[in-house]
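To start, the structure under review is shown below, and the notes come after it.
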Amino acid sequence: MGKLCEAPYNKTVDWTKWYILWADERVVAKNHVDSNYKLAKDGLFSKVPIVPSHVNSINDSVSAEEAASEYEFVIRQLVKSRVIGVSDTSDCPKFDLVLLGMGSDGHVASLFPNHSVLDENNEWVTFITDSPKPPPERITFTLPVINSASNVAIVVTGENKAEAAHLAIDDVGPDCIVVPARMVQPTKGKLVWFLDKPAASKLEGFQFSD
């Protein structure tokens, strides 16, 4: 993504067509070190001419539940105005790209292992107040929304993610724990994993050469 801030992309990309939302966000102030908005703004938005009104951050001055409800309303308005398409297999929004990371426990977005939020099928955006990683309050896209995207990319780095990557990607059999990242299976879209060598070190059948 950093390359997009450099020539020639910062001039050749039609930034007016970009609409940005967050697949998950920590319910903290936008200038807080834990804010995903701050991370994206510092690394990308402040360096390219994206239309400010096309960047849709959460309301960080309300509860996690209210923030999730308001964020879903924002998405529904973008669907209504046809900025975002709709899946032809469900009523979910169909994003062009959902970009995710993965934790060492196999969580993606704010969908953590063994959490009831994994079973949420009715809402587009939901919330948690008991994240096993701080900060505790977060909003997150639900699995049906993630799996309705045209493209999903999961970016993973570091040796501490290797076991989770193995459980998410390899054919580990029915007796192994099902990590949330393994549940990311786009219905009609494309899933691409980007891993560095340490993160991919436990994958079966992969060989690397310098």
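Quick note on naming: the chains in the structure tokens go A, B, ... in the order shown, residues restart at 1 in each chain, and ligands are numbered from 1 in order of appearance.
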
Find the residues around range 194-205 of chain A up to 12 Å (only C-alpha atoms counted), leave out those fewer than 2 positions away in its own chain, and share them as number ranges by chain. A: 99-104, 106, 152-172, 191-192, 207-210

Where does range 128-190 of chain A meet range 10-31 of chain A within 12 Å, residue by residue, with the nearest atom pair and distance in Å to one decimal for each, counting only C-alpha atoms, listed by chain and rising number, as JSON lines?
{"residue": "A:Ile128", "atom": "CA", "partner": "A:Arg26", "partner_atom": "CA", "distance": 9.7}
{"residue": "A:Thr129", "atom": "CA", "partner": "A:Val27", "partner_atom": "CA", "distance": 9.5}
{"residue": "A:Asp130", "atom": "CA", "partner": "A:Arg26", "partner_atom": "CA", "distance": 11.7}
{"residue": "A:Ser131", "atom": "CA", "partner": "A:Arg26", "partner_atom": "CA", "distance": 9.8}
{"residue": "A:Lys133", "atom": "CA", "partner": "A:Arg26", "partner_atom": "CA", "distance": 10.5}
{"residue": "A:Pro134", "atom": "CA", "partner": "A:Arg26", "partner_atom": "CA", "distance": 8.8}
{"residue": "A:Pro135", "atom": "CA", "partner": "A:Arg26", "partner_atom": "CA", "distance": 6.6}
{"residue": "A:Pro136", "atom": "CA", "partner": "A:Arg26", "partner_atom": "CA", "distance": 7.9}
{"residue": "A:Glu137", "atom": "CA", "partner": "A:Val27", "partner_atom": "CA", "distance": 5.5}
{"residue": "A:Arg138", "atom": "CA", "partner": "A:Arg26", "partner_atom": "CA", "distance": 4.4}
{"residue": "A:Ile139", "atom": "CA", "partner": "A:Asp24", "partner_atom": "CA", "distance": 5.4}
{"residue": "A:Thr140", "atom": "CA", "partner": "A:Asp24", "partner_atom": "CA", "distance": 4.1}
{"residue": "A:Phe141", "atom": "CA", "partner": "A:Ala23", "partner_atom": "CA", "distance": 5.1}
{"residue": "A:Thr142", "atom": "CA", "partner": "A:Ala23", "partner_atom": "CA", "distance": 8.6}
{"residue": "A:Leu143", "atom": "CA", "partner": "A:Ala23", "partner_atom": "CA", "distance": 10.3}
{"residue": "A:Val145", "atom": "CA", "partner": "A:Ala23", "partner_atom": "CA", "distance": 9.2}
{"residue": "A:Ile146", "atom": "CA", "partner": "A:Ala23", "partner_atom": "CA", "distance": 8.0}
{"residue": "A:Asn147", "atom": "CA", "partner": "A:Ala23", "partner_atom": "CA", "distance": 11.8}
{"residue": "A:Ala149", "atom": "CA", "partner": "A:Ala23", "partner_atom": "CA", "distance": 11.3}
{"residue": "A:Val152", "atom": "CA", "partner": "A:Ala23", "partner_atom": "CA", "distance": 11.0}
{"residue": "A:Ala153", "atom": "CA", "partner": "A:Ala23", "partner_atom": "CA", "distance": 12.0}

Atoms kept (all heavy atoms) for selection, written as a compact mmCIF listing (two decimals), in the first residue's frame:
# COMPACT_ATOMS: atom_id res chain seq x y z
N ILE A 128 -17.79 -5.86 19.79
CA ILE A 128 -17.40 -6.64 20.96
C ILE A 128 -16.91 -5.67 22.03
O ILE A 128 -16.41 -4.58 21.72
CB ILE A 128 -16.32 -7.69 20.65
CG1 ILE A 128 -15.02 -7.05 20.17
CG2 ILE A 128 -16.82 -8.70 19.62
CD1 ILE A 128 -13.88 -8.05 20.02
N THR A 129 -17.08 -6.07 23.27
CA THR A 129 -16.60 -5.26 24.39
C THR A 129 -15.60 -6.03 25.25
O THR A 129 -15.18 -5.54 26.29
CB THR A 129 -17.77 -4.81 25.29
OG1 THR A 129 -18.49 -5.97 25.74
CG2 THR A 129 -18.73 -3.90 24.51
N ASP A 130 -15.26 -7.23 24.78
CA ASP A 130 -14.40 -8.12 25.57
C ASP A 130 -13.27 -8.70 24.73
O ASP A 130 -12.95 -9.88 24.81
CB ASP A 130 -15.22 -9.25 26.19
CG ASP A 130 -15.99 -10.07 25.15
OD1 ASP A 130 -15.99 -9.67 23.96
OD2 ASP A 130 -16.57 -11.10 25.51
N SER A 131 -12.67 -7.86 23.90
CA SER A 131 -11.57 -8.34 23.06
C SER A 131 -10.46 -8.92 23.93
O SER A 131 -10.06 -8.31 24.92
CB SER A 131 -11.01 -7.19 22.23
OG SER A 131 -9.78 -7.56 21.64
N LYS A 133 -7.52 -9.01 23.17
CA LYS A 133 -6.39 -8.09 23.01
C LYS A 133 -6.90 -6.68 23.26
O LYS A 133 -7.98 -6.32 22.80
CB LYS A 133 -5.84 -8.17 21.58
CG LYS A 133 -5.13 -9.45 21.22
CD LYS A 133 -4.66 -9.42 19.78
CE LYS A 133 -3.70 -8.27 19.53
NZ LYS A 133 -3.26 -8.21 18.11
N PRO A 134 -6.15 -5.86 24.00
CA PRO A 134 -6.60 -4.48 24.21
C PRO A 134 -6.49 -3.68 22.91
O PRO A 134 -5.66 -4.02 22.06
CB PRO A 134 -5.62 -3.96 25.27
CG PRO A 134 -4.40 -4.83 25.14
CD PRO A 134 -4.89 -6.18 24.70
N PRO A 135 -7.31 -2.65 22.77
CA PRO A 135 -8.40 -2.24 23.65
C PRO A 135 -9.62 -3.16 23.51
O PRO A 135 -9.79 -3.79 22.46
CB PRO A 135 -8.71 -0.82 23.17
CG PRO A 135 -8.33 -0.83 21.73
CD PRO A 135 -7.14 -1.73 21.62
N PRO A 136 -10.44 -3.26 24.55
CA PRO A 136 -11.51 -4.26 24.57
C PRO A 136 -12.68 -3.97 23.64
O PRO A 136 -13.32 -4.90 23.16
CB PRO A 136 -11.96 -4.27 26.03
CG PRO A 136 -11.60 -2.90 26.54
CD PRO A 136 -10.34 -2.52 25.82
N GLU A 137 -12.98 -2.69 23.39
CA GLU A 137 -14.16 -2.34 22.59
C GLU A 137 -13.79 -2.14 21.13
O GLU A 137 -12.92 -1.34 20.80
CB GLU A 137 -14.82 -1.07 23.15
CG GLU A 137 -15.39 -1.27 24.53
CD GLU A 137 -16.35 -0.15 24.91
OE1 GLU A 137 -16.38 0.89 24.21
OE2 GLU A 137 -17.09 -0.33 25.89
N ARG A 138 -14.48 -2.88 20.26
CA ARG A 138 -14.20 -2.83 18.82
C ARG A 138 -15.48 -3.02 18.02
O ARG A 138 -16.44 -3.61 18.50
CB ARG A 138 -13.21 -3.95 18.44
CG ARG A 138 -11.87 -3.89 19.15
CD ARG A 138 -11.16 -5.23 19.10
NE ARG A 138 -9.85 -5.16 19.76
CZ ARG A 138 -8.68 -5.36 19.16
NH1 ARG A 138 -8.65 -5.67 17.88
NH2 ARG A 138 -7.56 -5.26 19.83
N ILE A 139 -15.44 -2.55 16.79
CA ILE A 139 -16.50 -2.89 15.83
C ILE A 139 -15.85 -3.75 14.75
O ILE A 139 -14.63 -3.67 14.52
CB ILE A 139 -17.17 -1.64 15.23
CG1 ILE A 139 -16.20 -0.84 14.34
CG2 ILE A 139 -17.73 -0.75 16.32
CD1 ILE A 139 -16.39 -1.04 12.87
N THR A 140 -16.65 -4.56 14.09
CA THR A 140 -16.09 -5.46 13.08
C THR A 140 -17.13 -5.84 12.04
O THR A 140 -18.32 -5.97 12.35
CB THR A 140 -15.51 -6.73 13.74
OG1 THR A 140 -14.90 -7.56 12.73
CG2 THR A 140 -16.58 -7.54 14.46
N PHE A 141 -16.67 -5.99 10.79
CA PHE A 141 -17.50 -6.64 9.79
C PHE A 141 -17.76 -8.07 10.25
O PHE A 141 -16.90 -8.69 10.89
CB PHE A 141 -16.79 -6.70 8.44
CG PHE A 141 -16.76 -5.40 7.68
CD1 PHE A 141 -17.29 -4.23 8.19
CD2 PHE A 141 -16.17 -5.36 6.42
CE1 PHE A 141 -17.25 -3.04 7.47
CE2 PHE A 141 -16.12 -4.18 5.68
CZ PHE A 141 -16.66 -3.02 6.21
N THR A 142 -18.90 -8.61 9.90
CA THR A 142 -19.20 -10.00 10.19
C THR A 142 -18.67 -10.89 9.06
O THR A 142 -18.37 -10.41 7.97
CB THR A 142 -20.71 -10.20 10.36
OG1 THR A 142 -21.38 -9.74 9.18
CG2 THR A 142 -21.23 -9.44 11.58
N LEU A 143 -18.60 -12.18 9.34
CA LEU A 143 -18.09 -13.11 8.33
C LEU A 143 -18.89 -13.09 7.02
O LEU A 143 -18.30 -13.12 5.94
CB LEU A 143 -18.05 -14.53 8.90
CG LEU A 143 -16.80 -14.91 9.68
CD1 LEU A 143 -16.99 -16.24 10.39
CD2 LEU A 143 -15.56 -14.95 8.78
N VAL A 145 -20.28 -10.64 5.53
CA VAL A 145 -19.88 -9.46 4.76
C VAL A 145 -18.49 -9.67 4.17
O VAL A 145 -18.26 -9.41 2.98
CB VAL A 145 -19.91 -8.20 5.65
CG1 VAL A 145 -19.24 -7.02 4.94
CG2 VAL A 145 -21.35 -7.84 6.00
N ILE A 146 -17.56 -10.16 4.97
CA ILE A 146 -16.21 -10.42 4.47
C ILE A 146 -16.26 -11.42 3.31
O ILE A 146 -15.61 -11.23 2.27
CB ILE A 146 -15.30 -10.94 5.60
CG1 ILE A 146 -15.07 -9.82 6.63
CG2 ILE A 146 -13.97 -11.44 5.05
CD1 ILE A 146 -14.33 -10.28 7.88
N ASN A 147 -17.06 -12.46 3.48
CA ASN A 147 -17.11 -13.51 2.46
C ASN A 147 -17.94 -13.13 1.23
O ASN A 147 -17.99 -13.90 0.27
CB ASN A 147 -17.64 -14.80 3.08
CG ASN A 147 -16.61 -15.48 3.95
OD1 ASN A 147 -15.41 -15.36 3.71
ND2 ASN A 147 -17.06 -16.21 4.96
N ALA A 149 -17.22 -10.29 -0.39
CA ALA A 149 -16.35 -9.38 -1.15
C ALA A 149 -15.89 -9.99 -2.46
O ALA A 149 -15.80 -11.22 -2.59
CB ALA A 149 -15.15 -8.99 -0.30
N VAL A 152 -10.58 -10.75 -1.26
CA VAL A 152 -10.12 -10.68 0.13
C VAL A 152 -8.63 -10.97 0.13
O VAL A 152 -8.19 -11.97 -0.45
CB VAL A 152 -10.86 -11.68 1.04
CG1 VAL A 152 -10.35 -11.55 2.48
CG2 VAL A 152 -12.37 -11.46 1.00
N ALA A 153 -7.87 -10.09 0.74
CA ALA A 153 -6.43 -10.29 0.88
C ALA A 153 -6.08 -10.36 2.36
O ALA A 153 -6.53 -9.52 3.14
CB ALA A 153 -5.66 -9.16 0.21

Residue nearest Ile75 in chain A - candidates A:Tyr9, A:Phe112, A:Trp193, A:Trp124, atoms counted: only C-alpha atoms: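 Closest to Ile75 in chain A, using only C-alpha atoms: A:Trp124.
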
Residue neighbourhood Pro144 in chain A, 12 Å, only C-alpha atoms, exclusion window fewer than 2 positions, as a PyMOL selection string: chain A and resi 87+89-95+111+117-126+140-142+146-149+183-188

For Glu70 in chain A, which of A:Phe127, A:Leu97, A:Val83, A:Lys38 is the closest residue, counting only C-alpha atoms?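 With only C-alpha atoms as the atom set, the closest residue is A:Phe127.
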
Shell of 12 Å around Cys5 in chain A, only C-alpha atoms, local chain residues under 2 positions omitted, as a compact mmCIF listing (two decimals) with C-alpha atoms, in the first residue's frame:
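around.txt, freshly written:
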# COMPACT_ATOMS: atom_id res chain seq x y z
CA MET A 1 0.00 0.00 0.00
CA GLY A 2 2.93 2.29 0.70
CA LYS A 3 3.93 2.07 -2.96
CA ALA A 7 5.36 7.83 -8.27
CA PRO A 8 3.80 6.96 -10.60
CA TYR A 9 0.82 5.62 -8.65
CA ASN A 10 0.15 8.73 -6.58
CA LYS A 11 -0.52 10.54 -9.87
CA THR A 12 -1.92 7.80 -12.12
CA VAL A 13 -4.44 6.19 -9.75
CA TRP A 15 -8.27 8.46 -6.28
CA ALA A 40 -4.16 4.35 7.65
CA LYS A 41 -4.19 8.14 7.64
CA ASP A 42 -0.52 8.41 8.60
CA GLY A 43 0.54 5.74 6.12
CA LEU A 44 -1.70 6.48 3.14
CA PHE A 45 -4.51 9.04 3.23
CA SER A 46 -2.34 11.99 4.20
CA LYS A 47 -0.06 11.26 1.23
CA VAL A 48 -2.55 10.80 -1.62
CA PRO A 49 -5.48 12.89 -2.90
CA ILE A 50 -8.35 10.69 -1.70

Point out the residue among A:Val86, A:Val79, A:Val62, A:Val98 with the least atom-to-atom distance to Lys190 in chain A, counting only C-alpha atoms. A:Val98
